[in-house]
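S.K.: For reference, the file input-v4.cif (mmCIF, C-alpha atoms) is included below:
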```cif
data_entry
#
loop_
_atom_site.label_atom_id
_atom_site.label_comp_id
_atom_site.auth_asym_id
_atom_site.auth_seq_id
_atom_site.Cartn_x
_atom_site.Cartn_y
_atom_site.Cartn_z
CA MET A 17 113.36 132.12 93.67
CA SER A 18 114.91 130.33 96.65
CA LEU A 19 115.34 126.55 96.82
CA ILE A 20 112.47 126.21 99.30
CA GLU A 21 110.19 128.35 97.12
CA GLU A 22 111.02 126.17 94.11
CA PHE A 23 110.21 123.08 96.15
CA ILE A 24 106.90 124.54 97.35
CA ASP A 25 106.02 125.56 93.80
CA ARG A 26 106.64 122.02 92.53
CA TYR A 27 104.76 120.45 95.45
CA THR A 28 101.77 122.72 94.84
CA LYS A 29 101.58 121.43 91.26
CA GLU A 30 101.78 117.82 92.54
CA TYR A 31 99.43 118.34 95.50
CA ASP A 32 96.59 116.31 93.97
CA PHE A 33 98.97 113.40 93.35
CA TYR A 34 99.88 113.16 97.03
CA GLY A 35 96.26 113.54 98.07
CA ARG A 36 95.18 110.68 95.81
CA ALA A 37 98.06 108.46 96.97
CA ALA A 38 97.08 109.00 100.61
CA ASN A 39 93.45 108.29 99.76
CA LEU A 40 94.31 104.99 98.05
CA VAL A 41 96.42 103.75 100.96
CA ALA A 42 93.73 104.81 103.45
CA GLN A 43 91.01 102.96 101.52
CA ILE A 44 93.03 99.74 101.27
CA LEU A 45 93.91 99.81 104.96
CA GLU A 46 90.49 100.89 106.26
CA ASN A 47 88.64 98.21 104.29
CA ASP A 48 90.94 95.52 105.67
CA LEU A 49 90.81 96.74 109.28
CA ARG A 50 87.05 97.19 109.38
CA SER A 51 86.50 93.79 107.77
CA SER A 52 88.81 92.24 110.37
CA GLY A 53 86.95 93.87 113.26
CA VAL A 54 89.52 96.49 114.27
CA ARG A 55 87.71 99.56 115.63
CA CYS A 56 89.41 102.71 114.41
CA ILE A 57 89.12 106.00 112.56
CA VAL A 58 91.20 106.18 109.37
CA SER A 59 91.88 109.60 107.85
CA HIS A 60 94.23 110.88 105.16
CA ARG A 61 95.60 114.09 103.71
CA ALA A 62 98.22 115.69 101.55
CA LYS A 63 100.32 118.08 103.64
CA GLU A 64 98.99 121.63 103.64
CA VAL A 65 101.15 123.97 101.55
CA GLU A 66 101.55 126.70 104.17
CA ARG A 67 102.41 124.25 106.95
CA LEU A 68 104.84 122.49 104.66
CA LYS A 69 106.57 125.79 103.90
CA ASP A 70 106.90 126.54 107.63
CA LYS A 71 108.31 123.06 108.22
CA CYS A 72 110.86 123.42 105.41
CA ILE A 73 112.08 126.78 106.75
CA GLN A 74 112.39 125.33 110.25
CA ARG A 75 114.24 122.18 109.13
CA ASN A 76 116.48 124.05 106.71
CA SER A 77 118.21 125.74 109.63
CA GLU A 78 119.53 122.29 110.59
CA LYS A 79 119.58 120.37 107.30
CA ARG A 80 120.96 123.08 104.99
CA TYR A 81 119.15 121.76 101.93
CA GLU A 82 121.19 121.66 98.72
CA SER A 83 118.60 120.40 96.24
CA ILE A 84 114.87 119.99 95.73
CA GLU A 85 115.35 116.21 95.69
CA GLY A 86 117.01 116.50 99.08
CA ILE A 87 113.92 118.22 100.49
CA PHE A 88 111.61 115.57 99.02
CA ALA A 89 113.80 112.87 100.60
CA ASP A 90 113.72 114.62 103.98
CA ILE A 91 109.98 115.35 104.23
CA VAL A 92 108.45 111.87 104.46
CA ASP A 93 104.86 112.78 105.27
CA LEU A 94 103.78 114.69 102.15
CA ALA A 95 101.10 111.99 101.81
CA GLY A 96 99.85 110.90 105.21
CA VAL A 97 97.39 108.40 106.67
CA ARG A 98 96.34 108.35 110.30
CA VAL A 99 94.87 105.34 112.10
CA ALA A 100 93.24 106.31 115.41
CA LEU A 101 92.55 103.15 117.42
CA TYR A 102 89.66 102.90 119.85
CA PHE A 103 91.59 100.18 121.68
CA PRO A 104 95.41 100.48 121.82
CA GLY A 105 95.64 96.72 122.34
CA GLU A 106 94.80 96.20 118.66
CA LEU A 107 98.02 97.86 117.50
CA GLU A 108 99.56 94.45 116.73
CA LEU A 109 96.70 93.62 114.35
CA VAL A 110 97.23 96.90 112.52
CA ASP A 111 100.96 96.21 112.31
CA LYS A 112 100.32 92.85 110.66
CA ALA A 113 97.78 94.33 108.27
CA ILE A 114 100.22 97.03 107.13
CA THR A 115 102.97 94.43 106.67
CA ARG A 116 100.62 92.30 104.57
CA LEU A 117 99.13 95.08 102.45
CA PHE A 118 102.07 97.39 101.68
CA ASP A 119 105.77 97.48 100.88
CA GLN A 120 107.76 99.37 103.50
CA TRP A 121 110.54 101.52 102.06
CA ASP A 122 111.98 102.37 105.47
CA THR A 123 111.95 100.81 108.92
CA LYS A 124 109.00 101.69 111.11
CA ARG A 125 109.57 104.27 113.84
CA ILE A 126 108.33 103.57 117.36
CA PHE A 127 107.61 106.45 119.74
CA PRO A 128 108.74 107.09 122.38
CA GLY A 129 112.23 105.95 121.49
CA ALA A 130 114.90 104.70 123.84
CA GLU A 131 115.71 108.24 124.96
CA GLU A 132 114.82 109.35 128.48
CA VAL A 133 111.79 111.47 129.35
CA PRO A 134 112.57 115.12 128.45
CA GLU A 135 113.90 117.22 131.29
CA GLY A 136 111.19 118.72 133.44
CA ARG A 137 108.54 116.24 132.22
CA SER A 138 106.91 113.42 134.17
CA PHE A 139 105.50 111.44 131.25
CA SER A 140 106.92 109.89 128.10
CA GLY A 141 105.12 112.07 125.56
CA TYR A 142 103.98 110.94 122.13
CA SER A 143 103.25 107.21 121.84
CA ALA A 144 102.72 105.85 118.32
CA VAL A 145 104.18 103.84 115.45
CA HIS A 146 104.97 105.42 112.07
CA TYR A 147 105.23 103.36 108.88
CA ARG A 148 106.60 104.48 105.53
CA VAL A 149 104.91 102.50 102.80
CA GLN A 150 104.16 102.16 99.12
CA PRO A 151 101.06 100.48 97.62
CA ARG A 152 101.36 96.97 96.20
CA GLU A 153 100.41 96.31 92.61
CA LYS A 154 97.76 93.69 93.37
CA PHE A 155 95.71 96.19 95.37
CA ILE A 156 95.86 98.98 92.78
CA GLY A 157 93.66 99.22 89.68
CA ASP A 158 95.04 99.96 86.23
CA ALA A 159 93.86 103.58 86.39
CA ASP A 160 95.94 104.23 89.51
CA ARG A 161 99.18 102.47 88.63
CA ARG A 162 101.07 105.78 88.65
CA TYR A 163 100.69 105.79 92.46
CA LEU A 164 102.68 102.59 92.96
CA LYS A 165 105.84 104.63 93.53
CA ALA A 166 104.16 107.09 95.89
CA ARG A 167 105.57 107.18 99.40
CA VAL A 168 103.02 107.46 102.18
CA GLU A 169 103.47 107.73 105.94
CA ILE A 170 100.98 105.86 108.15
CA GLN A 171 100.73 107.01 111.77
CA VAL A 172 99.08 104.59 114.21
CA ALA A 173 98.11 105.59 117.75
CA SER A 174 95.09 105.65 120.03
CA VAL A 175 92.33 108.21 119.46
CA LEU A 176 93.37 109.91 122.68
CA MET A 177 97.05 110.10 121.75
CA HIS A 178 96.30 111.54 118.32
CA ALA A 179 94.18 114.29 119.88
CA TRP A 180 96.86 115.18 122.44
CA SER A 181 99.64 115.16 119.83
CA GLU A 182 97.73 117.63 117.65
CA VAL A 183 97.49 120.11 120.50
CA GLN A 184 101.06 119.56 121.66
CA HIS A 185 102.53 119.67 118.14
CA ASP A 186 100.76 122.86 117.10
CA LEU A 187 101.58 124.71 120.28
CA THR A 188 105.14 123.52 120.83
CA TYR A 189 106.75 122.74 117.49
CA LYS A 190 104.82 124.95 115.10
CA GLN A 191 104.84 127.78 117.64
CA MET A 192 101.45 129.04 116.53
CA ALA A 193 101.02 130.74 119.90
CA GLY A 194 104.61 131.84 120.39
CA ASP A 195 107.00 130.45 123.00
CA LEU A 196 105.21 128.54 125.73
CA SER A 197 105.70 129.30 129.39
CA SER A 198 106.88 126.70 131.89
CA GLU A 199 103.34 126.60 133.25
CA GLU A 200 101.94 125.75 129.81
CA HIS A 201 104.55 123.01 129.34
CA SER A 202 103.55 121.59 132.74
CA ILE A 203 99.87 121.55 131.74
CA LEU A 204 100.71 119.75 128.48
CA ASP A 205 102.70 117.22 130.50
CA GLN A 206 99.72 116.77 132.80
CA LEU A 207 97.43 116.21 129.81
CA ASN A 208 99.90 113.64 128.51
CA GLY A 209 99.59 111.78 131.80
CA LEU A 210 95.80 111.83 131.53
CA VAL A 211 96.01 110.45 127.99
CA LEU A 212 98.28 107.61 129.09
CA ALA A 213 95.89 106.81 131.93
CA GLY A 214 93.02 106.95 129.43
CA GLU A 215 94.77 104.37 127.23
CA ILE A 216 94.98 102.03 130.22
CA SER A 217 91.24 102.52 130.72
CA LEU A 218 90.62 101.71 127.05
CA ARG A 219 92.55 98.46 127.40
CA LEU A 220 90.49 97.56 130.48
CA LEU A 221 87.26 98.47 128.65
CA GLN A 222 88.19 96.15 125.79
CA GLU A 223 88.92 93.29 128.20
CA ALA A 224 85.67 93.92 130.08
CA GLY A 225 83.67 93.68 126.86
CA GLU A 226 85.35 90.41 125.89
CA THR A 227 84.73 88.99 129.37
CA ARG A 228 81.06 90.04 129.28
CA VAL A 229 80.44 88.14 126.05
CA ALA A 230 82.41 85.08 127.15
CA ARG A 231 80.84 84.76 130.61
CA THR A 232 77.22 85.67 130.01
CA GLY A 233 76.78 83.90 126.69
CA ALA A 234 75.28 87.06 125.24
CA ASN A 235 74.88 87.50 121.49
CA PHE A 236 77.72 89.12 119.60
CA LEU A 237 76.40 92.64 118.99
CA ASN A 238 78.60 93.20 115.95
CA HIS A 239 81.56 91.75 114.08
CA TYR A 240 83.93 93.71 116.32
CA GLU A 241 82.87 91.65 119.35
CA LEU A 242 83.12 88.49 117.26
CA ALA A 243 86.66 89.45 116.20
CA ALA A 244 87.70 89.99 119.82
CA HIS A 245 86.26 86.58 120.77
CA LEU A 246 88.06 84.83 117.89
CA LEU A 247 91.36 86.45 118.77
CA ARG A 248 91.03 85.65 122.45
CA HIS A 249 90.22 82.02 121.71
CA ALA A 250 93.10 81.74 119.25
CA ASN A 251 95.60 83.20 121.69
CA ASP A 252 94.46 80.74 124.37
CA ALA A 253 94.17 77.63 122.19
CA LEU A 254 96.82 77.85 119.48
CA ALA A 255 100.46 77.07 120.01
CA GLU A 256 101.58 80.01 117.90
CA PRO A 257 100.40 83.62 117.60
CA VAL A 258 98.07 84.77 114.86
CA GLY A 259 100.21 85.41 111.80
CA ASP A 260 100.16 88.08 109.09
CA SER A 261 96.90 86.97 107.55
CA GLY A 262 95.26 87.51 110.94
CA LEU A 263 91.54 87.33 111.40
CA GLY A 264 90.33 87.56 107.83
CA LYS A 265 86.85 88.82 106.83
CA VAL A 266 85.11 88.66 110.19
CA ASP A 267 82.28 90.84 108.87
CA ASP A 268 81.24 88.14 106.38
CA LEU A 269 81.49 85.46 109.07
CA PHE A 270 79.31 87.56 111.40
CA ALA A 271 76.71 88.03 108.64
CA LEU A 272 76.66 84.26 108.06
CA LEU A 273 76.23 83.53 111.78
CA LYS A 274 73.34 86.00 111.96
CA ARG A 275 71.62 84.35 108.99
CA LEU A 276 72.05 80.99 110.72
CA ASN A 277 70.90 82.33 114.13
CA MET A 278 74.22 81.32 115.71
CA THR A 279 75.46 84.48 117.39
CA THR A 280 76.59 83.38 120.85
CA PRO A 281 79.95 82.00 122.02
CA ALA A 282 78.19 78.71 122.79
CA ASP A 283 76.90 78.46 119.20
CA LEU A 284 80.43 78.99 117.92
CA ALA A 285 82.30 76.75 120.39
CA LYS A 286 82.41 73.49 118.44
CA TYR A 287 83.59 75.24 115.27
CA LEU A 288 86.49 76.82 117.10
CA GLU A 289 87.77 73.37 118.07
CA SER A 290 89.04 72.80 114.53
CA LEU A 291 91.08 76.02 114.35
CA HIS A 292 94.71 75.51 113.42
CA GLY A 293 97.68 77.85 113.74
CA ALA A 294 98.53 78.11 110.04
CA VAL A 295 96.61 81.36 109.67
CA ALA A 296 99.01 82.57 106.96
CA GLU A 297 97.37 79.89 104.80
CA ARG A 298 93.82 80.28 106.14
CA PRO A 299 92.73 83.24 108.34
CA LEU A 300 90.69 82.46 111.44
CA ALA A 301 87.37 83.70 110.04
CA GLU A 302 87.77 81.56 106.92
CA GLN A 303 88.54 78.51 109.04
CA VAL A 304 85.27 78.95 110.93
CA VAL A 305 83.37 79.54 107.68
CA ASP A 306 84.86 76.33 106.26
CA ALA A 307 83.69 74.36 109.31
CA LEU A 308 80.17 75.82 109.05
CA LEU A 309 79.90 75.06 105.33
CA ALA A 310 81.28 71.55 105.69
CA GLU A 311 78.45 70.76 108.11
CA ASP A 312 75.64 71.69 105.71
CA SER A 313 76.05 72.25 101.97
CA ALA A 314 72.86 74.36 101.90
CA ARG A 315 74.84 77.07 103.71
CA TYR A 316 76.92 77.66 100.59
CA ALA A 317 73.99 79.46 98.96
CA VAL A 318 73.55 81.65 102.04
CA TYR A 319 77.24 82.51 102.16
CA ASN A 320 77.31 83.24 98.44
CA ASP A 321 74.47 85.75 98.90
CA ILE A 322 76.41 87.43 101.71
CA ARG A 323 79.60 87.68 99.68
CA SER A 324 77.68 89.01 96.67
CA ALA A 325 76.09 91.73 98.80
CA SER A 326 79.39 92.78 100.37
CA ASN A 327 81.43 92.79 97.15
CA SER A 328 79.07 94.19 94.54
CA SER A 329 76.02 96.41 94.27
CA HIS A 330 75.08 94.72 90.99
CA ILE A 331 73.89 91.12 90.78
CA ASP A 332 73.73 89.54 87.34
CA SER A 333 70.31 87.94 86.90
CA SER A 334 70.81 86.65 83.35
CA ASP A 335 70.16 83.04 82.35
CA ALA A 336 73.90 82.51 81.91
CA ALA A 337 74.56 83.77 85.44
CA ARG A 338 71.89 81.42 86.85
CA ASP A 339 73.41 78.47 84.96
CA THR A 340 76.82 79.29 86.40
CA ALA A 341 75.37 79.66 89.90
CA ASN A 342 73.66 76.26 89.64
CA ALA A 343 76.86 74.62 88.38
CA MET A 344 78.79 76.22 91.23
CA LEU A 345 76.32 75.00 93.87
CA GLU A 346 76.45 71.46 92.46
CA PHE A 347 80.25 71.59 92.60
CA LEU A 348 80.19 72.79 96.22
CA GLN A 349 77.60 70.22 97.30
CA ASP A 350 79.67 67.38 95.87
CA TRP A 351 82.76 68.86 97.52
CA VAL A 352 80.98 68.69 100.90
CA GLU A 353 80.18 65.05 100.23
CA LEU A 354 83.87 64.39 99.48
CA GLU A 355 84.87 66.13 102.72
CA THR A 356 82.36 63.96 104.60
CA THR A 357 83.77 60.80 103.02
CA LEU A 358 87.33 61.73 103.99
CA ASN A 359 86.31 62.50 107.57
CA ASP A 360 84.33 59.24 107.82
CA LEU A 361 87.35 57.26 106.59
CA ALA A 362 89.56 58.99 109.13
CA GLN A 363 87.14 58.19 111.93
CA GLN A 364 86.83 54.55 110.82
CA SER A 365 90.61 54.29 110.83
CA GLY A 366 90.74 55.30 114.49
CA VAL A 367 91.86 58.89 114.00
CA SER A 368 90.68 60.83 117.05
CA ARG A 369 88.73 63.95 116.14
CA ARG A 370 86.20 66.23 117.77
CA SER A 371 85.19 68.04 114.59
CA THR A 372 85.89 68.11 110.88
CA MET A 373 89.55 68.33 109.94
CA PRO A 374 91.14 70.34 107.10
CA VAL A 375 91.15 68.34 103.88
CA ALA A 376 94.91 68.75 103.41
CA ASN A 377 95.45 67.08 106.79
CA LEU A 378 93.04 64.26 105.95
CA VAL A 379 94.84 63.47 102.69
CA ARG A 380 98.11 63.20 104.62
CA ILE A 381 96.68 61.13 107.49
CA LEU A 382 94.90 58.68 105.17
CA ASP A 383 98.04 58.28 103.08
CA ILE A 384 96.12 58.75 99.85
CA PRO A 385 98.26 57.99 96.76
CA TYR A 386 100.00 61.02 95.25
CA GLY A 387 97.99 61.15 92.04
CA ILE A 388 94.62 61.23 93.77
CA GLY A 389 95.96 63.38 96.62
CA ASP A 390 97.25 65.96 94.16
CA GLU A 391 93.90 66.02 92.36
CA ILE A 392 92.05 66.54 95.65
CA ASP A 393 94.43 69.38 96.46
CA LEU A 394 93.71 71.09 93.12
CA LEU A 395 89.98 70.75 93.71
CA ARG A 396 90.42 72.10 97.25
CA ARG A 397 92.18 75.17 95.88
CA MET A 398 89.38 75.71 93.38
CA ARG A 399 86.81 75.43 96.15
CA ASN A 400 88.70 77.99 98.27
CA ASP A 401 88.97 80.36 95.30
CA VAL A 402 85.21 80.13 94.79
CA VAL A 403 84.19 80.48 98.43
CA HIS A 404 86.67 82.99 99.82
CA LEU A 405 88.16 84.83 96.83
CA ARG A 406 85.02 84.82 94.66
CA ARG A 407 87.02 83.78 91.61
CA GLU A 408 84.82 83.14 88.59
CA PHE A 409 84.77 79.82 86.70
CA SER A 410 82.77 78.77 83.66
CA VAL A 411 79.94 76.24 83.69
CA ALA A 412 82.21 73.80 81.84
CA GLU A 413 84.95 74.19 84.46
CA PHE A 414 82.48 73.58 87.30
CA ASP A 415 80.97 70.57 85.52
CA ASP A 416 84.40 69.05 84.89
CA ALA A 417 85.45 69.56 88.51
CA THR A 418 82.16 68.07 89.75
CA LYS A 419 82.71 64.93 87.64
CA ARG A 420 86.21 64.56 89.07
CA ILE A 421 84.90 64.91 92.62
CA LYS A 422 82.19 62.30 92.03
CA HIS A 423 84.78 59.90 90.57
CA ILE A 424 87.20 60.35 93.48
CA ASN A 425 84.38 60.02 96.02
CA ALA A 426 83.21 56.77 94.44
CA MET A 427 86.76 55.39 94.51
CA LEU A 428 87.21 56.32 98.17
CA LYS A 429 83.91 54.77 99.20
CA GLY A 430 84.64 51.64 97.23
CA GLY A 431 88.17 51.29 98.56
CA GLY A 432 89.64 51.63 95.09
CA ALA A 433 91.93 54.53 95.94
CA GLY A 434 94.36 52.44 97.92
CA VAL A 435 93.67 54.43 101.10
CA ALA A 436 95.62 53.47 104.16
CA THR A 437 96.25 55.20 107.47
CA ASN A 438 99.67 56.20 108.68
CA PRO A 439 100.84 54.20 111.68
#
```
Rewrite the coordinates I just gave you, this time as structure tokens.

M.R.:
Amino acid sequence: MSLIEEFIDRYTKEYDFYGRAANLVAQILENDLRSSGVRCIVSHRAKEVERLKDKCIQRNSEKRYESIEGIFADIVDLAGVRVALYFPGELELVDKAITRLFDQWDTKRIFPGAEEVPEGRSFSGYSAVHYRVQPREKFIGDADRRYLKARVEIQVASVLMHAWSEVQHDLTYKQMAGDLSSEEHSILDQLNGLVLAGEISLRLLQEAGETRVARTGANFLNHYELAAHLLRHANDALAEPVGDSGLGKVDDLFALLKRLNMTTPADLAKYLESLHGAVAERPLAEQVVDALLAEDSARYAVYNDIRSASNSSHIDSSDAARDTANAMLEFLQDWVELETTLNDLAQQSGVSRRSTMPVANLVRILDIPYGIGDEIDLLRRMRNDVVHLRREFSVAEFDDATKRIKHINAMLKGGGAGVATNP
């Protein structure tokens, strides 16, 4: 048995492993992108055995493989994921999502490279970004921990470019139809030009949709339009670009806005005023959710229903679950009252504001003593864990936190916390 045959035999036995690894990476990435409002088609596969054999034979003429491990190291796309973007302009969002979700075991490859256009061609050819990643432990369940060392290639390009590359790759590199004539190469080059022109049209279509919503005041039709509006506003208003955490769960924000009948740019305008650039700490969607909840504590129950529906098909209706839910709502209502107190104190102290400010900023501005400030920060983290991460706490934990909030709120209102404003 030749070296390549041994490799193919081993790969065939491990085929299901690579298929499952690709599936896991695709699920993690697709859930994040769709939640963030990135329109795309995510697919995955383990490399077909016959095509892999053809590729090994072709590459062996150049590589001169000396071991099975050498072949495994050379063929990087045994497990592959493909992201086909409706709008090429969202490539940066995908890049940040991949950086946040996965470990990259090699530098990403950007096509086309610095090389010149191939001789006899008018257009640049394949345009995409390839990432070589491994899953991160926090996104993998105990049953799938064996896939943490799996290496997966993610290819990101527009839907048009992926379609063209399939045709071009099969005909030219895999030689399924034999050697191509100069006329056939010219037609492929022409198709490449049409694809590149089509990508320009897709960018213009995306911009036209964003402009339509912004100018006409029409309702956001879906969370994709809401995501585009958030991103456009952030790029215009913030001093720094959206960071790795990006947009956050725009789908949950959109569901909340629908329940509140607030689905136009005008409805959203005042809540966007409080956006800050530290999106690595708090994604844009979560910042808007925070502003909405701070305005009316009754909205916590609505948002909790939305998060329950999106995260689980089973809702615990036991007495214990109801007791916990009641304790949680009391905790959140008192937290809103504490936020209101802090904002009122800031306004009374002459701090200029157009909308509610983040609690961390208020603690700093009001120069609240360290002990109380630290306690408020711990309570703030608990609140964020409950609202955005759906972390579970016991009734006793909620009751204890609620008592602490009431005590701090009473001290602030009575002036017993030693609050002073920074000059």

S.K.: Could you check which of A:Ile87, A:Cys72, A:Trp180, A:Ala100 is closest to Glu46 in chain A, using all atoms listed in the file?

M.R.: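 Looking only at the distances to Glu46 in chain A, the closest residue turns out to be A:Ala100.
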
S.K.: Convert the output of the PyMOL selection byres ((chain A and resi 176) around 8) on the shown file into explicit residues, formatted as number ranges by chain.

M.R.: A: 174-175, 177-180, 211, 214-215

S.K.: Any idea what's packed within 10 Å of Arg36 in chain A, counting only C-alpha atoms, ignoring anything in its chain fewer than 2 positions away? Could you give it as a ChimeraX atom specification?

M.R.: /A:31-34,38-42,60-62,95,160,163,166

S.K.: Which of these residues is nearest to Asp350 in chain A, using all atoms listed in the file: A:Leu395, A:Asn238, A:Arg75, A:Val183?

M.R.: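 Counting all atoms listed in the file, the residue closest to Asp350 in chain A is A:Leu395.
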
S.K.: Report as a list in words the full result of the PyMOL selection byres ((chain A and resi 421) around 10) when it is applied to this structure.

M.R.: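 When the PyMOL selection byres ((chain A and resi 421) around 10) is applied to the shown file, the picked residues are Phe347, Leu348, Asp350, Trp351, Val352, Glu353, Leu354, Glu391, Ile392, Leu395, Asp415, Asp416, Ala417, Thr418, Lys419, Arg420, Lys422, His423, Ile424, Asn425, Ala426 and Met427 of chain A.
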
S.K.: Can you tell me, as a VMD selection string, what residues are no more than 12 Å from Ser217 in chain A when counting only C-alpha atoms, ignoring any on the same chain fewer than 5 positions away?

M.R.: chain A and resid 102 to 105 174 176 210 to 212 222 to 224

S.K.: Could you tell me, as a PyMOL selection string, exactly which residues end up selected when the PyMOL selection byres ((chain A and resi 98) around 8) is applied to this structure?

M.R.: chain A and resi 57-60+96-97+99-100+170-172

S.K.: Kindly indicate which residue among A:Ala343, A:Arg137, A:His249, A:Glu311 lies nearest to His201 in chain A, using all atoms listed in the file for the distances.

M.R.: A:Arg137

S.K.: Here is a test: counting only C-alpha atoms, which residue of A:Asn47, A:Gly86, A:Ala325, A:Asp205 is nearest to Phe139 in chain A?

M.R.: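 The answer is A:Asp205, which sits nearest to Phe139 in chain A.
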
S.K.: So that I can see what lies close to Ala144 in chain A, please list as a PyMOL selection string the residues with an atom at most 7 Å from it, counting all atoms listed in the file and leaving out residues fewer than 2 positions away in the same chain.

M.R.: chain A and resi 126-127+142+146+171-173

S.K.: At what distance in Å, to one decimal, does CA of Ile20 in chain A lie from CA of Val149 in chain A?

M.R.: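 Going from CA of Val149 in chain A over to CA of Ile20 in chain A covers 25.1 Å.
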
S.K.: For Ala243 in chain A, work out the shell of residues within 12 Å, counting all atoms listed in the file and skipping chain neighbours fewer than 4 positions away, then give it as a PyMOL selection string.

M.R.: chain A and resi 49-55+106+109+222+225-226+229+236-239+247-250+262-270+281+299-301+304

S.K.: Just how far from CA of Met344 in chain A is CA of Ile384 in chain A, in Å to one decimal?

M.R.: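 Computing it gives 26.1 Å between the two atoms.
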
S.K.: Using all atoms listed in the file, which protein or nucleic acid residues come within 10 Å of Ala307 in chain A? Drop anything in the same chain fewer than 5 positions from it, and give the result as a ChimeraX atom specification.

M.R.: /A:286-291,302,312,371-374
